[in-house]
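Novice: The file below is coords20.cif, mmCIF, C-alpha atoms:
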data_model
#
loop_
_atom_site.group_PDB
_atom_site.id
_atom_site.type_symbol
_atom_site.label_atom_id
_atom_site.label_comp_id
_atom_site.auth_asym_id
_atom_site.auth_seq_id
_atom_site.Cartn_x
_atom_site.Cartn_y
_atom_site.Cartn_z
ATOM 1 C CA ARG J 1 91.800 89.340 176.206
ATOM 2 C CA LEU J 2 92.550 91.649 179.149
ATOM 3 C CA LEU J 3 92.611 88.789 181.670
ATOM 4 C CA PHE J 4 94.880 86.731 179.424
ATOM 5 C CA GLU J 5 97.371 89.576 178.926
ATOM 6 C CA VAL J 6 97.388 90.465 182.635
ATOM 7 C CA SER J 7 98.058 86.845 183.594
ATOM 8 C CA GLN J 8 100.910 86.761 181.074
ATOM 9 C CA ALA J 9 102.355 89.995 182.487
ATOM 10 C CA LEU J 10 102.282 88.617 186.033
ATOM 11 C CA GLU J 11 103.553 85.135 185.193
ATOM 12 C CA GLY J 12 106.485 84.227 187.393
ATOM 13 C CA ALA J 13 106.873 87.780 188.712
ATOM 14 C CA SER J 14 109.160 87.914 191.739
ATOM 15 C CA GLU J 15 109.787 91.675 191.569
ATOM 16 C CA LEU J 16 106.278 92.950 191.140
ATOM 17 C CA THR J 17 106.307 96.678 190.506
ATOM 18 C CA ASP J 18 107.086 96.739 186.774
ATOM 19 C CA HIS J 19 104.743 93.827 186.107
ATOM 20 C CA LEU J 20 101.927 95.409 188.073
ATOM 21 C CA GLU J 21 102.244 98.734 186.307
ATOM 22 C CA SER J 22 101.991 96.857 183.009
ATOM 23 C CA ALA J 23 98.837 95.162 184.292
ATOM 24 C CA LEU J 24 97.319 98.510 185.320
ATOM 25 C CA GLU J 25 98.160 99.992 181.928
ATOM 26 C CA LEU J 26 96.423 97.057 180.230
ATOM 27 C CA MET J 27 93.370 97.616 182.434
ATOM 28 C CA ALA J 28 93.196 101.269 181.415
ATOM 29 C CA ARG J 29 93.687 100.463 177.730
ATOM 30 C CA TYR J 30 90.957 97.811 177.555
ATOM 31 C CA THR J 31 88.344 99.367 179.842
ATOM 32 C CA GLY J 32 88.852 103.118 179.672
ATOM 33 C CA MET J 33 89.356 103.308 183.434
ATOM 34 C CA MET J 34 91.755 105.976 184.688
ATOM 35 C CA ARG J 35 94.475 106.153 187.326
ATOM 36 C CA GLY J 36 94.737 102.556 188.378
ATOM 37 C CA THR J 37 96.500 101.970 191.688
ATOM 38 C CA LEU J 38 97.612 98.954 193.654
ATOM 39 C CA SER J 39 98.402 99.348 197.341
ATOM 40 C CA LEU J 40 99.791 96.750 199.755
ATOM 41 C CA VAL J 41 99.922 96.572 203.531
ATOM 42 C CA ALA J 42 103.480 97.359 204.628
ATOM 43 C CA PRO J 43 105.448 94.997 206.894
ATOM 44 C CA GLY J 44 104.173 95.537 210.419
ATOM 45 C CA GLY J 45 100.588 95.829 209.223
ATOM 46 C CA GLU J 46 99.968 99.431 210.260
ATOM 47 C CA GLU J 47 100.436 101.372 207.013
ATOM 48 C CA ILE J 48 99.285 101.014 203.421
ATOM 49 C CA VAL J 49 101.782 101.967 200.714
ATOM 50 C CA LEU J 50 101.495 102.354 196.964
ATOM 51 C CA GLU J 51 103.117 99.409 195.196
ATOM 52 C CA ALA J 52 102.247 100.300 191.587
ATOM 53 C CA SER J 53 100.170 102.830 189.690
ATOM 54 C CA TYR J 54 99.091 104.046 186.280
ATOM 55 C CA GLY J 55 98.312 107.670 185.490
ATOM 56 C CA LEU J 56 99.918 109.240 188.573
ATOM 57 C CA LYS J 57 102.844 111.648 188.671
ATOM 58 C CA THR J 58 105.865 110.906 190.855
ATOM 59 C CA SER J 59 104.865 113.558 193.404
ATOM 60 C CA GLU J 60 101.336 112.139 193.551
ATOM 61 C CA LYS J 61 102.642 108.619 194.158
ATOM 62 C CA ARG J 62 104.648 109.778 197.175
ATOM 63 C CA ARG J 63 101.500 111.083 198.856
ATOM 64 C CA ALA J 64 99.572 107.815 198.491
ATOM 65 C CA ARG J 65 100.057 106.455 202.019
ATOM 66 C CA TYR J 66 97.255 105.528 204.385
ATOM 67 C CA LYS J 67 96.642 103.973 207.756
ATOM 68 C CA ILE J 68 94.478 100.873 208.005
ATOM 69 C CA GLY J 69 90.863 102.064 207.976
ATOM 70 C CA GLU J 70 91.754 105.508 206.610
ATOM 71 C CA GLY J 71 89.931 106.694 203.497
ATOM 72 C CA VAL J 72 88.211 104.392 201.002
ATOM 73 C CA THR J 73 91.334 102.300 200.413
ATOM 74 C CA GLY J 74 91.949 101.913 204.139
ATOM 75 C CA GLN J 75 88.325 100.880 204.706
ATOM 76 C CA VAL J 76 88.452 98.271 201.934
ATOM 77 C CA ILE J 77 91.586 96.745 203.436
ATOM 78 C CA ALA J 78 90.212 96.907 206.989
ATOM 79 C CA THR J 79 86.907 95.224 206.080
ATOM 80 C CA GLY J 80 87.977 93.029 203.165
ATOM 81 C CA LYS J 81 84.937 94.273 201.214
ATOM 82 C CA PRO J 82 84.855 96.223 197.913
ATOM 83 C CA MET J 83 83.543 99.766 197.672
ATOM 84 C CA VAL J 84 82.043 101.615 194.707
ATOM 85 C CA VAL J 85 81.852 105.410 194.980
ATOM 86 C CA PRO J 86 79.706 106.860 192.141
ATOM 87 C CA ASN J 87 80.926 110.423 192.727
ATOM 88 C CA VAL J 88 84.034 110.983 194.833
ATOM 89 C CA SER J 89 83.275 114.666 195.409
ATOM 90 C CA LYS J 90 80.232 113.600 197.474
ATOM 91 C CA GLU J 91 81.944 110.869 199.483
ATOM 92 C CA PRO J 92 83.465 112.029 202.812
ATOM 93 C CA LEU J 93 85.658 108.918 203.028
ATOM 94 C CA PHE J 94 87.373 109.777 199.745
ATOM 95 C CA LEU J 95 90.470 111.785 200.694
ATOM 96 C CA ASN J 96 92.012 112.555 197.266
ATOM 97 C CA ARG J 97 95.333 112.433 199.085
ATOM 98 C CA THR J 98 97.363 112.210 195.885
ATOM 99 C CA GLY J 99 95.757 115.415 194.568
ATOM 100 C CA ALA J 100 95.483 113.804 191.135
ATOM 101 C CA ARG J 101 91.804 114.599 190.641
ATOM 102 C CA ASP J 102 90.131 117.940 190.023
ATOM 103 C CA LEU J 103 86.927 117.302 191.904
ATOM 104 C CA GLN J 104 85.439 120.630 190.801
ATOM 105 C CA LYS J 105 85.604 119.867 187.074
ATOM 106 C CA GLU J 106 84.878 116.163 186.701
ATOM 107 C CA GLU J 107 82.399 113.680 188.105
ATOM 108 C CA ILE J 108 84.679 110.767 188.902
ATOM 109 C CA ALA J 109 83.636 107.348 190.132
ATOM 110 C CA PHE J 110 86.053 105.280 192.217
ATOM 111 C CA ILE J 111 86.101 101.498 192.451
ATOM 112 C CA CYS J 112 88.253 99.749 195.048
ATOM 113 C CA VAL J 113 88.454 96.007 195.747
ATOM 114 C CA PRO J 114 90.512 94.048 198.287
ATOM 115 C CA ILE J 115 93.429 91.785 197.416
ATOM 116 C CA ILE J 116 92.971 88.698 199.561
ATOM 117 C CA LEU J 117 95.646 86.092 200.141
ATOM 118 C CA GLY J 118 94.963 83.035 202.276
ATOM 119 C CA GLY J 119 91.957 84.698 203.903
ATOM 120 C CA GLU J 120 94.009 87.817 204.762
ATOM 121 C CA THR J 121 93.503 91.181 203.062
ATOM 122 C CA VAL J 122 96.989 92.198 201.946
ATOM 123 C CA GLY J 123 96.160 95.160 199.734
ATOM 124 C CA ALA J 124 93.687 96.876 197.424
ATOM 125 C CA LEU J 125 93.240 97.438 193.696
ATOM 126 C CA SER J 126 91.453 100.606 192.603
ATOM 127 C CA ALA J 127 90.597 102.625 189.516
ATOM 128 C CA ASP J 128 88.915 105.881 188.555
ATOM 129 C CA ARG J 129 86.145 106.085 186.001
ATOM 130 C CA LEU J 130 84.586 109.201 184.471
ATOM 131 C CA PHE J 131 80.950 108.789 185.420
ATOM 132 C CA ALA J 132 78.445 108.367 182.589
ATOM 133 C CA ASP J 133 75.003 106.809 182.247
ATOM 134 C CA SER J 134 76.452 104.108 179.994
ATOM 135 C CA VAL J 135 78.913 102.944 182.642
ATOM 136 C CA CYS J 136 78.021 99.993 184.872
ATOM 137 C CA LEU J 137 80.154 100.386 187.979
ATOM 138 C CA GLU J 138 79.076 97.016 189.359
ATOM 139 C CA GLU J 139 80.520 95.330 186.260
ATOM 140 C CA ASP J 140 83.733 97.317 186.708
ATOM 141 C CA MET J 141 83.893 96.131 190.298
ATOM 142 C CA ARG J 142 83.493 92.477 189.304
ATOM 143 C CA LEU J 143 86.249 92.831 186.709
ATOM 144 C CA LEU J 144 88.587 94.363 189.298
ATOM 145 C CA GLN J 145 87.812 91.495 191.668
ATOM 146 C CA VAL J 146 88.933 88.987 189.030
ATOM 147 C CA LEU J 147 92.088 91.009 188.398
ATOM 148 C CA SER J 148 92.768 91.208 192.137
ATOM 149 C CA SER J 149 92.712 87.406 192.368
ATOM 150 C CA LEU J 150 95.383 87.231 189.634
ATOM 151 C CA ILE J 151 97.456 89.829 191.459
ATOM 152 C CA ALA J 152 97.067 87.974 194.773
ATOM 153 C CA ARG J 153 98.797 84.948 193.252
ATOM 154 C CA ALA J 154 101.661 87.145 192.062
ATOM 155 C CA VAL J 155 101.952 88.654 195.559
ATOM 156 C CA ARG J 156 102.100 85.137 197.015
ATOM 157 C CA ASN J 157 104.850 84.186 194.543
ATOM 158 C CA ARG J 158 106.893 87.213 195.597
ATOM 159 C CA ARG J 159 106.422 86.405 199.285
ATOM 160 C CA ASP J 160 107.588 82.834 198.672
ATOM 161 C CA VAL J 161 110.685 84.020 196.797
ATOM 162 C CA ARG J 162 111.555 86.536 199.520
ATOM 163 C CA ALA J 163 111.063 83.925 202.244
ATOM 164 C CA MET J 164 113.394 81.537 200.408
ATOM 165 C CA HIS J 165 115.959 84.309 199.981
ATOM 166 C CA ALA J 166 115.789 85.171 203.694
ATOM 167 C CA ALA J 167 116.290 81.493 204.590
ATOM 168 C CA VAL J 168 119.366 81.257 202.349
ATOM 169 C CA VAL J 169 120.822 84.456 203.828
ATOM 170 C CA GLU J 170 120.324 83.124 207.364
ATOM 171 C CA GLU J 171 121.878 79.765 206.477
ATOM 172 C CA ASN J 172 124.888 81.531 204.952
ATOM 173 C CA ARG J 173 125.226 83.671 208.077
ATOM 174 C CA GLN J 174 125.285 80.602 210.304
ATOM 175 C CA LEU J 175 127.863 78.873 208.106
ATOM 176 C CA GLN J 176 130.015 82.009 208.099
ATOM 177 C CA ASN J 177 129.886 82.115 211.895
ATOM 178 C CA LEU J 178 130.957 78.479 211.955
ATOM 179 C CA VAL J 179 133.911 79.160 209.675
ATOM 180 C CA ASN J 180 135.043 82.354 211.400
ATOM 181 C CA GLY J 181 134.664 81.167 214.987
ATOM 182 C CA ALA J 182 136.208 78.341 216.964
ATOM 183 C CA PHE J 183 135.062 74.968 215.655
ATOM 184 C CA HIS J 184 133.984 72.331 218.166
ATOM 185 C CA THR J 185 132.836 68.808 217.429
ATOM 186 C CA GLY J 186 133.388 65.913 219.786
ATOM 187 C CA ASP J 187 137.061 65.948 220.814
ATOM 188 C CA MET J 188 138.057 68.364 218.032
ATOM 189 C CA VAL J 189 138.686 71.983 218.991
ATOM 190 C CA GLY J 190 140.327 74.511 216.702
ATOM 191 C CA SER J 191 140.548 78.230 216.063
ATOM 192 C CA SER J 192 143.840 78.650 214.181
ATOM 193 C CA ALA J 193 143.893 80.111 210.683
ATOM 194 C CA SER J 194 144.925 76.812 209.126
ATOM 195 C CA PHE J 195 142.163 74.925 210.938
ATOM 196 C CA ARG J 196 139.566 77.472 209.821
ATOM 197 C CA ALA J 197 140.831 77.070 206.252
ATOM 198 C CA VAL J 198 140.174 73.331 206.460
ATOM 199 C CA ILE J 199 136.675 73.936 207.849
ATOM 200 C CA ARG J 200 136.013 76.497 205.095
ATOM 201 C CA GLU J 201 136.778 73.796 202.538
ATOM 202 C CA LEU J 202 134.444 71.385 204.325
ATOM 203 C CA VAL J 203 131.648 73.970 204.340
ATOM 204 C CA GLN J 204 132.241 74.616 200.644
ATOM 205 C CA VAL J 205 131.845 70.887 199.970
#
Could you take the file, read its structure, and then write that structure out as structure tokens?

Specialist:
Amino acid sequence: RLLFEVSQALEGASELTDHLESALELMARYTGMMRGTLSLVAPGGEEIVLEASYGLKTSEKRRARYKIGEGVTGQVIATGKPMVVPNVSKEPLFLNRTGARDLQKEEIAFICVPIILGGETVGALSADRLFADSVCLEEDMRLLQVLSSLIARAVRNRRDVRAMHAAVVEENRQLQNLVNGAFHTGDMVGSSASFRAVIRELVQV
């Protein structure tokens, strides 16, 4: 049921954030996991930024930025391999940068899996879990890996839409330059206002 509802939430998503937060909320509701986060590699490939979250305050979200290889999330993205941390208070790589967890009061497990698109790790999906003997963290990890594959397709859809938009913007820019500048084709040369008006009509057609 969870996988079906997540796939429905992500269907056709071009602007991801709201859809992803719905997916993370569904994950928490069905599994009991806490504080789901989804981070993506920023343009330029040097920084990891929070794209969507569940269970974090606004101030905590702002602090969720990492370098590639930094912390558990940075390591997962750098290596493309999942990590399961049974107790974050005993894991040196776990930075608790958001400050959302009270490591003195709760034994919290952390599961983080890569989001892989076309063989490239583009982000990470993670969740907290209150540790208990009845919890199987390996099963949680496998579930997150399935969810990450659904999210990867949504990320690809958004990239495709943005690439198409950028192409249209560039084409419009070139046409605008053609209309606003002197027009040359064969023996025709013109830069007067009336000539540009004619060319504008031709471009419109």

Novice: Using the chain letters and numbers from this file, what does the PyMOL selection byres ((chain J and resi 61-63) around 9) select? Give the answer as a PyMOL selection string.

Specialist: chain J and resi 50+52-53+56-60+64-66+97-99

Novice: Write out as a list in words each polymer residue whose atoms come within 8 Å of J:Leu10, counting all atoms listed in the file; drop sequence neighbours fewer than 4 positions from it.

Specialist: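 Close residues of J:Leu10: Val6, Leu16, His19, Leu20, Ala23, Leu150, Ile151 and Ala154 of chain J.
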
Novice: Name the residues that the PyMOL selection byres ((chain J and resi 81) around 10) pulls out of this structure, and write them as a PyMOL selection string.

Specialist: chain J and resi 75-80+82-83+112-116+121+124

Novice: Go ahead and dump the residues you just picked, C-alpha atoms, as a compact mmCIF listing (two decimals), in the coordinates of the input.

Specialist:
# COMPACT_ATOMS: atom_id res chain seq x y z
CA GLN J 75 88.32 100.88 204.71
CA VAL J 76 88.45 98.27 201.93
CA ILE J 77 91.59 96.74 203.44
CA ALA J 78 90.21 96.91 206.99
CA THR J 79 86.91 95.22 206.08
CA GLY J 80 87.98 93.03 203.16
CA PRO J 82 84.86 96.22 197.91
CA MET J 83 83.54 99.77 197.67
CA CYS J 112 88.25 99.75 195.05
CA VAL J 113 88.45 96.01 195.75
CA PRO J 114 90.51 94.05 198.29
CA ILE J 115 93.43 91.78 197.42
CA ILE J 116 92.97 88.70 199.56
CA THR J 121 93.50 91.18 203.06
CA ALA J 124 93.69 96.88 197.42

Novice: Any idea what the distance is between atom CA of J:Leu178 and atom CA of J:Ala166?

Specialist: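 Those two atoms sit 18.5 Å apart.
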
Novice: Atom CA of J:Ser149 and atom CA of J:Arg1 are how many Å apart?

Specialist: 16.3 Å

Novice: Considering only C-alpha atoms, tabulate each residue of stretch 69-111 of chain J that lies at most 10 Å from stretch 30-37 of chain J along with its nearest interatomic pair and the corresponding distance in Å to one decimal; arrange the rows by chain and ascending residue number and present them as JSON lines.

Specialist:
{"residue": "J:Ala100", "atom": "CA", "partner": "J:Arg35", "partner_atom": "CA", "distance": 8.6}
{"residue": "J:Arg101", "atom": "CA", "partner": "J:Arg35", "partner_atom": "CA", "distance": 9.5}
{"residue": "J:Ile108", "atom": "CA", "partner": "J:Met34", "partner_atom": "CA", "distance": 9.5}
{"residue": "J:Ala109", "atom": "CA", "partner": "J:Met33", "partner_atom": "CA", "distance": 9.7}
{"residue": "J:Phe110", "atom": "CA", "partner": "J:Met34", "partner_atom": "CA", "distance": 9.5}
{"residue": "J:Ile111", "atom": "CA", "partner": "J:Gly36", "partner_atom": "CA", "distance": 9.6}

Novice: How many Å lie between atom CA of J:Ser89 and atom CA of J:Leu103, rounded to one decimal?

Specialist: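 Computed distance, atom CA of J:Ser89 to atom CA of J:Leu103, equals 5.7 Å.
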
Novice: Just want the 9 Å neighbourhood of J:Val203, counted on only C-alpha atoms, with same-chain residues fewer than 4 positions away dropped. Output as a PyMOL selection string.

Specialist: chain J and resi 175+178-179+198-199

Novice: Suppose a student applies the PyMOL selection byres ((chain J and resi 86) around 9) to this structure; what residues should they get, written as a PyMOL selection string?

Specialist: chain J and resi 84-85+87-88+90-91+107-111+129+131+137

Novice: Take the selection from the previous step and output its residues with C-alpha atoms, as an mmCIF file, in the frame of the given file.

Specialist:
data_model
loop_
_atom_site.group_PDB
_atom_site.id
_atom_site.type_symbol
_atom_site.label_atom_id
_atom_site.label_comp_id
_atom_site.auth_asym_id
_atom_site.auth_seq_id
_atom_site.Cartn_x
_atom_site.Cartn_y
_atom_site.Cartn_z
ATOM 1 C CA VAL J 84 82.043 101.615 194.707
ATOM 2 C CA VAL J 85 81.852 105.410 194.980
ATOM 3 C CA ASN J 87 80.926 110.423 192.727
ATOM 4 C CA VAL J 88 84.034 110.983 194.833
ATOM 5 C CA LYS J 90 80.232 113.600 197.474
ATOM 6 C CA GLU J 91 81.944 110.869 199.483
ATOM 7 C CA GLU J 107 82.399 113.680 188.105
ATOM 8 C CA ILE J 108 84.679 110.767 188.902
ATOM 9 C CA ALA J 109 83.636 107.348 190.132
ATOM 10 C CA PHE J 110 86.053 105.280 192.217
ATOM 11 C CA ILE J 111 86.101 101.498 192.451
ATOM 12 C CA ARG J 129 86.145 106.085 186.001
ATOM 13 C CA PHE J 131 80.950 108.789 185.420
ATOM 14 C CA LEU J 137 80.154 100.386 187.979
#

Novice: Please return as a PyMOL selection string every residue within 8 Å of (96.9, 100.3, 207.3), taking into account all atoms listed in the file and the file's own coordinates.

Specialist: chain J and resi 41-42+45-48+66-70+74+77-78

Novice: Nearest to J:Asp102: which of J:Leu130, J:Ala167, J:Met141, J:Ala9 is it, counting all atoms listed in the file?

Specialist: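 Checking each candidate against J:Asp102, we get J:Leu130 as the closest.
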